[in-house]
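*Asks:* Compact mmCIF, C-alpha atoms and all ligand atoms, saved as my_file03.txt, coming up:
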```
# COMPACT_ATOMS: atom_id res chain seq x y z
CA MET A 138 0.00 0.00 0.00
CA ASP A 139 1.22 3.49 -0.90
CA GLU A 140 2.27 5.50 2.15
CA ARG A 141 0.31 8.41 0.80
CA GLY A 142 -2.79 6.49 1.79
CA PHE A 143 -1.81 7.16 5.42
CA TYR A 144 -2.36 10.88 5.03
CA ARG A 145 -4.90 13.42 3.90
CA GLU A 146 -3.06 16.08 1.91
CA SER A 147 -3.86 19.76 1.89
CA GLN A 148 -2.08 23.04 1.33
CA GLU A 149 -1.86 25.70 3.98
CA THR A 150 -0.37 29.14 4.12
CA LYS A 151 1.55 30.15 7.20
CA SER A 152 3.47 33.31 7.79
CA ALA A 153 7.10 33.39 8.84
CA ASN A 154 9.64 36.11 9.47
CA LEU A 155 12.40 35.93 6.90
CA ASN A 156 15.64 37.76 6.58
CA CYS A 157 16.42 39.04 3.07
CA SER A 158 19.92 37.97 2.07
CA TYR A 159 20.44 41.16 0.03
CA CYS A 160 19.14 44.10 2.07
CA ARG A 161 18.97 42.25 5.43
CA SER A 162 15.45 43.45 6.16
CA VAL A 163 13.21 41.16 8.17
CA GLU A 164 9.64 40.93 6.95
CA LYS A 165 6.72 38.61 7.35
CA TYR A 166 6.00 36.36 4.36
CA ASP A 167 3.18 33.98 3.62
CA LEU A 168 4.65 30.59 2.82
CA LYS A 169 2.92 27.62 1.23
CA TRP A 170 3.11 24.29 3.03
CA LEU A 171 2.03 20.84 1.99
CA VAL A 172 0.28 19.42 5.03
CA ARG A 173 -0.07 15.66 5.48
CA ARG A 174 -2.42 14.80 8.26
CA LYS A 175 -2.60 11.21 9.34
CA VAL A 176 -5.99 9.68 8.62
CA ALA A 177 -8.00 8.20 11.49
CA SER A 178 -7.75 4.62 10.29
CA LEU A 179 -6.35 2.52 7.48
CA PRO A 180 -8.52 1.12 4.72
CA ARG A 181 -9.57 -2.49 5.21
CA HIS A 182 -7.23 -3.86 2.55
CA ALA A 183 -4.14 -2.76 4.56
CA ASP A 184 -1.90 -5.65 5.62
CA GLU A 185 0.23 -6.19 8.76
CA ARG A 186 3.20 -4.30 7.36
CA ASP A 187 1.04 -1.32 6.50
CA ARG A 188 -0.38 -1.33 10.01
CA ALA A 189 3.09 -1.34 11.58
CA LYS A 190 4.18 1.56 9.37
CA PHE A 191 0.95 3.38 10.01
CA ALA A 192 1.42 3.11 13.78
CA LYS A 193 4.71 4.97 13.47
CA ALA A 194 3.48 7.55 10.97
CA ALA A 195 2.89 11.09 12.21
CA SER A 196 1.27 14.14 10.69
CA TYR A 197 3.74 16.57 9.22
CA MET A 198 4.14 19.42 6.81
CA VAL A 199 6.73 20.27 4.18
CA LEU A 200 7.56 23.73 2.95
CA LEU A 201 6.71 24.10 -0.75
CA ASP A 202 8.19 27.53 -1.35
CA ASP A 203 11.95 27.79 -1.60
CA LYS A 204 12.26 31.43 -2.67
CA VAL A 205 10.42 34.63 -1.92
CA SER A 206 10.53 38.10 -3.36
CA CYS A 207 11.76 40.67 -0.84
CA LYS A 208 9.11 43.18 0.21
CA LEU A 209 11.67 45.94 0.38
CA CYS A 210 14.27 45.51 -2.35
CA ARG A 211 12.13 43.21 -4.54
CA ARG A 212 14.97 40.83 -5.12
CA THR A 213 14.32 37.11 -4.92
CA PHE A 214 16.13 35.31 -2.16
CA GLU A 215 16.23 31.74 -0.96
CA ILE A 216 14.37 30.87 2.18
CA SER A 217 16.72 29.91 4.97
CA GLY A 218 16.81 29.89 8.71
CA ILE A 219 13.52 28.09 9.16
CA LYS A 220 12.77 24.41 9.37
CA THR A 221 11.36 23.13 6.11
CA THR A 222 9.76 20.05 7.63
CA ALA A 223 7.69 20.12 10.79
CA PHE A 224 5.77 17.44 12.63
CA LEU A 225 2.25 18.30 13.69
CA THR A 226 1.03 17.45 17.11
CA ASP A 227 -2.72 17.74 16.48
ZN ZN A 301 15.66 42.73 0.37
```
Reformat the file's structure so that it appears as structure tokens.
*Replies:*
Amino acid sequence: MDERGFYRESQETKSANLNCSYCRSVEKYDLKWLVRRKVASLPRHADERDRAKFAKAASYMVLLDDKVSCKLCRRTFEISGIKTTAFLTD
């Protein structure tokens, strides 16, 4: 069974403070995340191995954006200084 079946995928926007690598200004940016929330239960066709993997699976999100355009100098800089993968506790 595909591991993607363990999760319900959605996209969320969350803001983060980022430091422009050109002009050094710190501004708030809306970043796109791919959110994978663990589903409540596995489909009936799941086998023992799927169940073991599913027990260890946790909800998490992955940052989709890798660059943003600076709000001040308008130059595009790479996102750094924030974690690009985060586990979700809810
Ligand atoms: Zn800038």
*Asks:* Within 6 Å of ligand ZN 301 (chain A) (counting all atoms listed in the file), which residues show up? I'd like them as a ChimeraX atom specification.
*Replies:* /A:157,159-160,162,207,209-210,212
*Asks:* Between A:Ser206, A:Thr213, A:Thr222, A:Ser196, single out the one closest to Glu146 of chain A, counting only C-alpha atoms.
*Replies:*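 Selected residue with least distance to Glu146 of chain A: A:Ser196.
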*Asks:* Give me the box for segment 216-225 of chain A as JSON, namely the centre and edge lengths in Å to one decimal of a box along x, y and z that holds every listed atom plus 3 Å on each side.
*Replies:*
```
{"center_x": 9.5, "center_y": 24.2, "center_z": 7.9, "size_x": 20.6, "size_y": 19.4, "size_z": 17.5}
```
*Asks:* Taking 5 positions as the minimum chain separation for residues in the same chain, which residues sit within 7 Å of Lys165 of chain A when counting all atoms listed in the file? Answer as a list of chain:residue names.
*Replies:*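 That gives A:Ser152, A:Ala153, A:Asn154, A:Leu155.
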*Asks:* From the list A:Ile219, A:Lys193, A:Asn156, A:Tyr144, which residue is nearest Lys175 of chain A when using all atoms listed in the file?
*Replies:*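 Of all the options, A:Tyr144 lies closest to Lys175 of chain A.
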*Asks:* So how many Å separate atom CA of Leu201 of chain A and atom CA of Thr150 of chain A, to one decimal?
*Replies:*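 Rounded to one decimal, the two atoms are 10.0 Å apart.
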*Asks:* Rounded to one decimal place, report the atom CA of Phe214 of chain A-atom CA of Leu200 of chain A distance in Å.
*Replies:* 15.3 Å
*Asks:* Just how far from atom CA of Tyr197 of chain A is atom CA of Arg145 of chain A, in Å to one decimal?
*Replies:* 10.6 Å
*Asks:* List as a list in words the protein and nucleic acid residues near Lys190 of chain A, meaning an atom at most 12 Å away when all atoms listed in the file are counted, but skip any in the same chain fewer than 4 places from it.
*Replies:*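 Near Lys190 of chain A, the qualifying residues are Met138, Asp139, Glu140, Arg141, Gly142, Phe143, Lys175, Leu179, Ala183, Asp184, Glu185, Arg186, Ala194 and Ala195 of chain A.
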*Asks:* Might you pull out every residue within 12 Å of Lys169 of chain A, with only C-alpha atoms counted and same-chain residues fewer than 6 positions away left off, and present them as an NGL selection string?
*Replies:* :A and (147-153 or 198-205 or 216 or 221)
